[in-house]
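First up is the structure itself, then whatever we jot down about it.
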Amino acid sequence: MRVYQAELKRILKTRSVQILLIAAILVSALLAYFPATFLGYVYEDERGQEVTLNGRDALPIIKERQGQYQGKITQEKLAEALEQYQEFAAGYEGGLPNGIYDERVGTVDSFAHVYNISKLLSRMQEVNADPKTGIAPAAEDLAKEQAENFYGQCRQHVRDLIYLENGHGEKVDAAVAQAEKLYARAETPFTYFPGIGANGVEYEGLCVLFLVLIGTVILAPLFAGDRQTQADQIMKCTKHGKRRLAACRILSGLTIVTVMYAVGITLFLVLMNTSFGWESLASSVQIVISAAIFLPVTMGELELIIAAGGYVTLLATMAFTLFLSGRMKSVFAAAVTSFIFLFLPTVCYMIFDGNVRNWICGILPSGGTGLMNSFTYAVMDTKFAFAGNTAVWTPYLMMASAAAETLLFIPLTAAGWCRRRS
Amino acid sequence: MELSIKGLTKQFKDKMAVDHATLTVTPGVWGLLGANGAGKTTLMRMVAGLVRPTEGTVEYGGVRIGTLGEAYRDIFGYLPQEFGFYPEFTVWDYLDYIAALKGIPRKEAADKIERLLATFGLLDVKRKKIAKLSGGMKRRVGIAQALLNEPEILILDEPTSGLDPGERVKFRNLLSEFAADRIVLISTHIVSDVEYIASRNAIMKDGKIIAVGTTEELIRQIEHKVWSAKIPEYDLHRCGQEARIVSIRNEADQMVSVRYLAETPVIRDSRECTPRLEDLYLWLFPEEGEVR
């Protein structure tokens with residue numbers, strides 16, 4: 001315990017660590033501010049003047065207007081929304097083949113008649129996409145019967161989408177079976193409360209990335225720094241200077257990044273959810289983000305899953321960073337190598353395609369975080385990694401790999417520290 | 001208890017740093033003398049368990065140090081030649097940190113740290129960051145950490161570099177007291193550090209231990225080879241070519257007194273001198289240009 005406390009004190013006394021921990025808090029708070037800034041609403045006031053509201057100012061009116069459809073999204077509500085849109089479109093000669101993007105549609109009108117039902121329309125268009133091309137129909141081409149069969153079509157759409165992305169075959173059947181099993185657990189009718197949107201969870205993923213990045217900067221010099229300055233020579237000659245020091249150093253490093261992560265992500269979620277309104281967390285992800293998400297959760301649960309997935313990724317990335325730190329003779333080499341491996345999944349995501357990409361991004365320690373390839377996007381996606389006839393949903397692969405790598409690299413780090421130089 | 005170094009060898013790619021070194025180190029102060037690159041630091045690192053030997057073993061009380069593991073490190077103190085501190089640590093923080101690694105309970109550590117700080121004249125700077133201390137003070141902090149656990153085996157690699165003459169004397173006296181029933185091995189090429197306090201010395205050259213013995217035994221090797229003479233200044237160059245000059249002192253009338261090493265006197269009217277360890281060192285390591 002004394003060694004652990006001493007090590008904790010040593011790391012926390014380091015000026016760069018103090019600065020990075022403060023930066024983690026500031027970045028989390030800053031990122032929480034942005035998602036609500038993308039909101040906007042345009043309306044006409046009593047004097048007939050066009051009023052534009054942006055950011056948090058727009059939220060009360062959005063909640064008021066979209067609130068008429070909040071709660072359980074029954075198929076009747078969907079049909080009603082479709083009827084509302086089609087009546088609006090019929091007001092234009094020849095209808096609105098390009099939807100609200102038609103140049104005849106004024107901004108005020110689109111907000112007044114379509115914005116409040118836009119989520120419902122998008123989902124209906126999405127699930128009725130052509131199974132061969134994936135192209136969604138225009139809202140005015142949808143029939144009332146399609147709205148009334150929305151939930152049946154949702155399940156069919158998930159199937160169609162997986163086949164469209166992966167072709168047909170036994171392995172894809174296995175993937176579809178997994179997806180259907182999960183989707184069957186989603187509570188229907190879906191629920192919707194205006195507030196948080198896809199931007200919120202995307203920013204949460206970004207927050208995870210920043211926290212992992214800061215954690216990497218904190219932990220990269222942990223062992224390499226002592227080798228560079230040769231401070232390790234004295235330590236390794238002390239009673240507890242080998243295995244126990246390595247274990248306590250790893251533990252204290254992980255304690256610091258865990259607390260940093262917990263504070264950072266909690267702060268982010270509290271600030272963001274407060275700005276959007278906590279009631280919107282009860283919305284089903286299938287309405288807010290995509291009907292094809294087969295994770296049976298609400299937005300609030302999705303936030304927690306992303307936070308938990310981010311933590312598992314953080315642990316794996318930190319374990320690997322510590323392992324590299326133990327192998328490198330200089331802080332610079334340890335930091336550069338750690339950064340390369342941190343962003344390797346992002347690079348691989350851009351370079352590779354298909355199954356290879358899914359495997360590489362899934363098994364690398366930092367596969368769960370990145371710009372386009374993160375766990376956040378994976379849980380909202382329908383990507384599977386295939387091996388033979390086996391299909392593994394990529395978030396499962398990311399988490400299983402990260403957990404295994406954490407367990408592998410921690411003892412390897414300790415062993416590396418205890419090893420005598422040859 | 002004895003520290004036995006048996007056939008210790010370390011081969012680095014194309015360089016044999018330590019070549020089958022064998023030495024039995026008994027309690028008392030031991031001087032490990034040798035020129036730069038003689039293999040002293042590598043030998044000490046192997047004794048400290050930091051470097052894996054290519055061949056040979058180090059045993060304490062008849063048991064290999066690798067087998068002793070933590071028990072060996074518990075009775076071991078080490079001051080390397082080069083080592084780093086944490087820039088944000090004060091002197092107290094650092095010593096407390098090392099005390100934790102040495103398994104010394106907090107209360108006991110506090111008392112020991114206070115005592116050592118007083119011994120090494122560091123009390124005034126105990127709350128000062130190590131990064132802001134002078135080289136000599138940093139070295140004193142290094143020595144203090146090595147003594148924290150009152151080790152049975154104390155290995156000091158160039159401990160006095162950076163210390164002023166007063167500090168050096170104080171340090172030598174402290175070591176003499178400390179080493180009464182302990183093994184203290186000091187690696188140095190500053191001969192005066194060990195000349196007066198080492199009970200025995202080992203001399204290393206090209207990775208090999210070429211001589212072991214008390215100072216008196218060792219300097220016997222150069223009896224009748226140390227001379228002094230007074231010569232005109234202009235003759236100094238010629239004299240330097242014929243003999244190894246140990247020291248030069250200016251005298252009146254453009255004359256100089258020289259102390260030199262040679263099998264037979266090379267200057268007329270030379271007087272034989274009592275040999276010192278420094279003379280032996282320069283006899284064995286003629287390539288060492290600097291007179292210390």
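By convention here, the chains of the structure tokens are called A, B, ... in the order presented, each chain's residues are numbered starting at 1, and ligands are numbered starting at 1 in the order presented.
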Counting only C-alpha atoms, which residues of chain B sit at most 10 Å from some atom of chain A, and what is each one's closest atom pair with its distance in Å to one decimal, listed by chain and rising residue number, as a Markdown table?
```
| residue | atom | partner | partner_atom | distance |
| --- | --- | --- | --- | --- |
| B:Lys10 | CA | A:Ser422 | CA | 8.9 |
| B:Gln11 | CA | A:Ser422 | CA | 9.3 |
| B:Phe12 | CA | A:Ser422 | CA | 8.4 |
| B:Arg45 | CA | A:Gln233 | CA | 8.6 |
| B:Met46 | CA | A:Arg420 | CA | 9.3 |
| B:Ala48 | CA | A:Cys237 | CA | 6.5 |
| B:Gly49 | CA | A:Arg420 | CA | 7.2 |
| B:Leu50 | CA | A:Arg420 | CA | 5.4 |
| B:Val51 | CA | A:Arg421 | CA | 4.8 |
| B:Arg52 | CA | A:Ser422 | CA | 5.2 |
| B:Pro53 | CA | A:Ser422 | CA | 7.5 |
| B:Thr54 | CA | A:Ser422 | CA | 8.1 |
| B:Gly69 | CA | A:Lys239 | CA | 8.5 |
| B:Glu70 | CA | A:Lys239 | CA | 5.2 |
| B:Ala71 | CA | A:Lys239 | CA | 7.1 |
| B:Tyr72 | CA | A:Lys239 | CA | 7.8 |
| B:Arg73 | CA | A:Lys239 | CA | 4.7 |
| B:Asp74 | CA | A:Lys239 | CA | 4.5 |
| B:Ile75 | CA | A:Lys239 | CA | 8.1 |
| B:Phe76 | CA | A:Cys237 | CA | 7.0 |
| B:Gly77 | CA | A:Cys237 | CA | 7.1 |
| B:Tyr78 | CA | A:Ile234 | CA | 6.3 |
| B:Leu79 | CA | A:Ile234 | CA | 6.7 |
| B:Pro80 | CA | A:Gln233 | CA | 7.0 |
| B:Gln81 | CA | A:Gln230 | CA | 9.8 |
| B:Glu82 | CA | A:Gln230 | CA | 6.9 |
| B:Phe83 | CA | A:Gln230 | CA | 4.8 |
| B:Gly84 | CA | A:Ala231 | CA | 4.4 |
| B:Phe85 | CA | A:Ala231 | CA | 6.2 |
| B:Tyr86 | CA | A:Thr14 | CA | 8.2 |
| B:Pro87 | CA | A:Thr14 | CA | 8.0 |
| B:Glu88 | CA | A:Thr14 | CA | 5.9 |
| B:Phe89 | CA | A:Lys13 | CA | 7.6 |
| B:Asp93 | CA | A:Arg10 | CA | 8.5 |
| B:Tyr94 | CA | A:Arg10 | CA | 8.9 |
| B:Asp96 | CA | A:Ala6 | CA | 8.1 |
| B:Tyr97 | CA | A:Ala6 | CA | 5.8 |
| B:Ile98 | CA | A:Met235 | CA | 7.2 |
| B:Ala99 | CA | A:Thr238 | CA | 8.8 |
| B:Ala100 | CA | A:Val3 | CA | 5.5 |
| B:Leu101 | CA | A:His240 | CA | 5.0 |
| B:Lys102 | CA | A:Lys239 | CA | 4.9 |
| B:Gly103 | CA | A:Lys239 | CA | 6.4 |
| B:Ile104 | CA | A:Arg2 | CA | 9.2 |
| B:Pro105 | CA | A:Arg2 | CA | 8.1 |
| B:Arg106 | CA | A:Arg2 | CA | 8.1 |
| B:Gly142 | CA | A:Ile234 | CA | 9.0 |
| B:Gln145 | CA | A:Ile234 | CA | 8.7 |
| B:Ala146 | CA | A:Ile234 | CA | 8.2 |
| B:Asn149 | CA | A:Thr238 | CA | 9.1 |
```
Write the residues of the selection above to a file with N, CA and C atoms, as a short mmCIF file (atom, residue, chain, number, x, y, z; two decimals), in the first residue's frame.
```cif
data_model
loop_
_atom_site.label_atom_id
_atom_site.label_comp_id
_atom_site.auth_asym_id
_atom_site.auth_seq_id
_atom_site.Cartn_x
_atom_site.Cartn_y
_atom_site.Cartn_z
N LYS B 10 30.89 -10.24 -19.05
CA LYS B 10 29.84 -9.56 -19.81
C LYS B 10 30.37 -9.19 -21.19
N GLN B 11 29.72 -9.76 -22.18
CA GLN B 11 30.13 -9.50 -23.57
C GLN B 11 29.05 -8.64 -24.21
N PHE B 12 29.42 -7.44 -24.67
CA PHE B 12 28.49 -6.58 -25.42
C PHE B 12 28.90 -6.65 -26.89
N ARG B 45 27.08 -3.13 -11.97
CA ARG B 45 25.69 -3.34 -12.37
C ARG B 45 25.31 -4.82 -12.31
N MET B 46 26.27 -5.67 -12.60
CA MET B 46 25.97 -7.11 -12.49
C MET B 46 25.84 -7.50 -11.02
N ALA B 48 24.79 -5.55 -8.79
CA ALA B 48 23.51 -4.97 -8.35
C ALA B 48 22.31 -5.72 -8.94
N GLY B 49 22.58 -6.64 -9.84
CA GLY B 49 21.49 -7.41 -10.45
C GLY B 49 20.77 -6.65 -11.54
N LEU B 50 21.40 -5.59 -12.04
CA LEU B 50 20.76 -4.79 -13.09
C LEU B 50 21.06 -5.32 -14.48
N VAL B 51 22.24 -5.94 -14.61
CA VAL B 51 22.66 -6.44 -15.93
C VAL B 51 22.88 -7.95 -15.82
N ARG B 52 22.39 -8.64 -16.83
CA ARG B 52 22.52 -10.09 -16.84
C ARG B 52 23.93 -10.47 -17.30
N PRO B 53 24.67 -11.25 -16.51
CA PRO B 53 26.01 -11.62 -16.93
C PRO B 53 25.96 -12.61 -18.11
N THR B 54 26.96 -12.52 -18.96
CA THR B 54 27.05 -13.50 -20.05
C THR B 54 27.48 -14.84 -19.45
N GLY B 69 16.90 -12.73 -4.56
CA GLY B 69 15.87 -11.79 -5.04
C GLY B 69 15.63 -10.62 -4.10
N GLU B 70 14.40 -10.55 -3.59
CA GLU B 70 14.00 -9.43 -2.74
C GLU B 70 14.84 -9.35 -1.46
N ALA B 71 15.22 -10.51 -0.94
CA ALA B 71 16.01 -10.53 0.30
C ALA B 71 17.38 -9.88 0.06
N TYR B 72 17.92 -10.07 -1.12
CA TYR B 72 19.21 -9.45 -1.47
C TYR B 72 19.05 -7.94 -1.61
N ARG B 73 17.99 -7.54 -2.30
CA ARG B 73 17.77 -6.11 -2.51
C ARG B 73 17.45 -5.39 -1.20
N ASP B 74 16.94 -6.16 -0.24
CA ASP B 74 16.60 -5.58 1.07
C ASP B 74 17.85 -5.17 1.84
N ILE B 75 18.98 -5.85 1.57
CA ILE B 75 20.20 -5.54 2.33
C ILE B 75 21.22 -4.85 1.42
N PHE B 76 20.71 -4.30 0.32
CA PHE B 76 21.58 -3.74 -0.71
C PHE B 76 21.34 -2.24 -0.87
N GLY B 77 22.42 -1.50 -1.03
CA GLY B 77 22.31 -0.08 -1.32
C GLY B 77 23.17 0.23 -2.53
N TYR B 78 22.66 1.05 -3.42
CA TYR B 78 23.39 1.27 -4.67
C TYR B 78 23.30 2.73 -5.10
N LEU B 79 24.44 3.27 -5.42
CA LEU B 79 24.49 4.60 -6.01
C LEU B 79 25.15 4.47 -7.38
N PRO B 80 24.37 4.59 -8.43
CA PRO B 80 24.99 4.49 -9.77
C PRO B 80 25.76 5.75 -10.13
N GLN B 81 26.58 5.61 -11.15
CA GLN B 81 27.39 6.76 -11.59
C GLN B 81 26.48 7.87 -12.12
N GLU B 82 25.52 7.46 -12.95
CA GLU B 82 24.58 8.42 -13.53
C GLU B 82 23.18 7.98 -13.12
N PHE B 83 22.38 8.90 -12.66
CA PHE B 83 21.00 8.54 -12.34
C PHE B 83 20.13 9.78 -12.37
N GLY B 84 18.84 9.57 -12.56
CA GLY B 84 17.92 10.69 -12.68
C GLY B 84 17.06 10.85 -11.44
N PHE B 85 16.61 12.07 -11.26
CA PHE B 85 15.64 12.38 -10.20
C PHE B 85 14.36 12.82 -10.87
N TYR B 86 13.31 12.86 -10.10
CA TYR B 86 12.07 13.42 -10.64
C TYR B 86 12.10 14.93 -10.40
N PRO B 87 11.99 15.71 -11.44
CA PRO B 87 12.18 17.16 -11.30
C PRO B 87 11.22 17.82 -10.30
N GLU B 88 10.03 17.25 -10.15
CA GLU B 88 9.06 17.89 -9.24
C GLU B 88 9.28 17.48 -7.78
N PHE B 89 10.15 16.52 -7.55
CA PHE B 89 10.35 16.04 -6.19
C PHE B 89 11.30 16.95 -5.40
N ASP B 93 10.79 14.50 -0.54
CA ASP B 93 9.88 13.64 -1.32
C ASP B 93 10.64 12.46 -1.90
N TYR B 94 11.81 12.76 -2.45
CA TYR B 94 12.59 11.71 -3.13
C TYR B 94 13.03 10.64 -2.13
N ASP B 96 11.77 9.97 0.73
CA ASP B 96 10.59 9.28 1.25
C ASP B 96 10.10 8.24 0.23
N TYR B 97 10.18 8.61 -1.05
CA TYR B 97 9.76 7.69 -2.12
C TYR B 97 10.67 6.45 -2.14
N ILE B 98 11.98 6.70 -2.07
CA ILE B 98 12.92 5.56 -2.08
C ILE B 98 12.75 4.72 -0.82
N ALA B 99 12.47 5.39 0.30
CA ALA B 99 12.24 4.66 1.55
C ALA B 99 11.04 3.72 1.41
N ALA B 100 10.02 4.19 0.72
CA ALA B 100 8.84 3.34 0.48
C ALA B 100 9.24 2.12 -0.35
N LEU B 101 10.06 2.36 -1.37
CA LEU B 101 10.50 1.24 -2.21
C LEU B 101 11.40 0.27 -1.43
N LYS B 102 12.07 0.82 -0.44
CA LYS B 102 12.95 -0.04 0.37
C LYS B 102 12.18 -0.73 1.50
N GLY B 103 10.90 -0.48 1.55
CA GLY B 103 10.06 -1.16 2.54
C GLY B 103 10.23 -0.63 3.94
N ILE B 104 10.65 0.63 4.07
CA ILE B 104 10.82 1.21 5.40
C ILE B 104 9.50 1.87 5.81
N PRO B 105 8.97 1.51 6.99
CA PRO B 105 7.70 2.11 7.42
C PRO B 105 7.81 3.64 7.51
N ARG B 106 6.70 4.29 7.30
CA ARG B 106 6.67 5.75 7.17
C ARG B 106 7.36 6.48 8.34
N GLY B 142 21.96 11.39 -3.51
CA GLY B 142 22.13 10.03 -4.04
C GLY B 142 22.76 9.10 -3.01
N GLN B 145 20.23 8.28 -0.21
CA GLN B 145 19.23 7.25 -0.55
C GLN B 145 19.83 5.85 -0.46
N ALA B 146 21.11 5.74 -0.82
CA ALA B 146 21.74 4.41 -0.78
C ALA B 146 21.87 3.91 0.65
N ASN B 149 18.43 2.26 3.94
CA ASN B 149 18.07 0.97 4.55
C ASN B 149 19.23 0.35 5.32
#
```
Give me, as a tab-separated table, each residue of range 280-355 of chain A that comes within 10 Å of range 158-173 of chain A, together with its shortest interatomic pair and the distance in Å at one decimal, counting only C-alpha atoms, with rows ordered by chain and rising residue number.
```
residue	atom	partner	partner_atom	distance
A:Ala291	CA	A:Val158	CA	8.1
A:Ala292	CA	A:Val158	CA	5.3
A:Ile293	CA	A:Val158	CA	7.9
A:Phe294	CA	A:Val158	CA	7.6
A:Gly354	CA	A:Asn166	CA	8.6
A:Asn355	CA	A:Asn166	CA	9.2
```
Q: May I ask which of the residues A:Leu322, A:Leu213, A:Val201, A:Cys154 is the closest one to Pro35 in chain A, counting only C-alpha atoms?
A: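 Of the candidates, the smallest distance to Pro35 in chain A is held by A:Val201.
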Q. What's the 9 Å shell around range 211-213 of chain B, counting only C-alpha atoms, without same-chain residues fewer than 2 positions away, as a ChimeraX atom specification?
A. /B:23,199-204,209,215-218
Those residues you just picked out, can you put them in a file as a short mmCIF file (atom, residue, chain, number, x, y, z; two decimals), in the first residue's frame with N, CA, C and O atoms?
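Written file, out-v1.cif:
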```cif
data_model
loop_
_atom_site.label_atom_id
_atom_site.label_comp_id
_atom_site.auth_asym_id
_atom_site.auth_seq_id
_atom_site.Cartn_x
_atom_site.Cartn_y
_atom_site.Cartn_z
N LEU B 23 36.29 -12.39 -7.58
CA LEU B 23 36.66 -11.58 -6.43
C LEU B 23 35.80 -11.97 -5.23
O LEU B 23 34.59 -12.18 -5.38
N SER B 199 40.04 -0.97 3.00
CA SER B 199 40.82 -2.04 3.64
C SER B 199 41.47 -2.89 2.56
O SER B 199 42.56 -3.42 2.74
N ARG B 200 40.80 -3.01 1.43
CA ARG B 200 41.38 -3.75 0.30
C ARG B 200 40.95 -3.07 -1.00
O ARG B 200 39.94 -2.36 -1.05
N ASN B 201 41.74 -3.34 -2.01
CA ASN B 201 41.43 -2.76 -3.32
C ASN B 201 41.48 -3.85 -4.39
O ASN B 201 42.22 -4.83 -4.25
N ALA B 202 40.70 -3.64 -5.41
CA ALA B 202 40.79 -4.50 -6.60
C ALA B 202 41.03 -3.58 -7.77
O ALA B 202 40.43 -2.50 -7.85
N ILE B 203 41.91 -3.98 -8.64
CA ILE B 203 42.22 -3.12 -9.78
C ILE B 203 41.78 -3.81 -11.06
O ILE B 203 42.08 -4.99 -11.29
N MET B 204 41.03 -3.07 -11.85
CA MET B 204 40.50 -3.62 -13.11
C MET B 204 41.18 -2.97 -14.30
O MET B 204 41.42 -1.77 -14.30
N ILE B 209 40.19 -8.35 -13.56
CA ILE B 209 40.71 -7.90 -12.27
C ILE B 209 42.18 -8.34 -12.25
O ILE B 209 42.49 -9.53 -12.28
N THR B 215 46.20 -1.71 0.35
CA THR B 215 46.95 -0.64 -0.31
C THR B 215 48.45 -0.92 -0.19
O THR B 215 49.19 -0.81 -1.18
N GLU B 216 48.87 -1.35 0.99
CA GLU B 216 50.30 -1.63 1.22
C GLU B 216 50.79 -2.75 0.30
O GLU B 216 51.85 -2.66 -0.30
N GLU B 217 49.96 -3.80 0.20
CA GLU B 217 50.36 -4.94 -0.65
C GLU B 217 50.47 -4.51 -2.11
O GLU B 217 51.40 -4.90 -2.82
N LEU B 218 49.54 -3.70 -2.52
CA LEU B 218 49.51 -3.32 -3.93
C LEU B 218 50.66 -2.39 -4.30
O LEU B 218 51.30 -2.55 -5.35
#
```
Q: Would you return as a list in words the members of range 20-82 of chain B that DSSP assigns to alpha helix (DSSP H) on this structure's backbone?
A: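 DSSP-assigned alpha helix (DSSP H) residues in range 20-82 of chain B: Lys40, Thr41, Thr42, Leu43, Met44, Arg45, Met46, Val47, Ile65, Gly66, Thr67, Leu68, Glu70, Ala71, Tyr72, Arg73 and Asp74 of chain B.
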Let me see the file: selected residues, C-alpha atoms, as a CSV table (one decimal), in the first residue's frame.
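Output saved as result_20.csv:
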```csv
chain,number,residue,atom,x,y,z
B,40,LYS,CA,34.0,-1.2,-13.3
B,41,THR,CA,30.5,0.1,-13.9
B,42,THR,CA,29.4,-3.0,-15.8
B,43,LEU,CA,30.8,-5.2,-13.0
B,44,MET,CA,28.9,-3.2,-10.4
B,45,ARG,CA,25.7,-3.3,-12.4
B,46,MET,CA,26.0,-7.1,-12.5
B,47,VAL,CA,26.6,-7.2,-8.7
B,65,ILE,CA,21.7,-13.1,-5.8
B,66,GLY,CA,19.0,-14.1,-8.4
B,67,THR,CA,17.8,-16.7,-5.9
B,68,LEU,CA,17.9,-14.3,-3.0
B,70,GLU,CA,14.0,-9.4,-2.7
B,71,ALA,CA,16.0,-10.5,0.3
B,72,TYR,CA,19.2,-9.5,-1.5
B,73,ARG,CA,17.8,-6.1,-2.5
B,74,ASP,CA,16.6,-5.6,1.1
```
Q) How many Å lie between CA of Val356 in chain A and CA of Met380 in chain A, rounded to one decimal? A) 19.5 Å
Q. Can you tell me how far CA of Asp193 in chain B sits from CA of Asp19 in chain B, in Å to one decimal?
A.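 Going from CA of Asp193 in chain B over to CA of Asp19 in chain B covers 25.4 Å.
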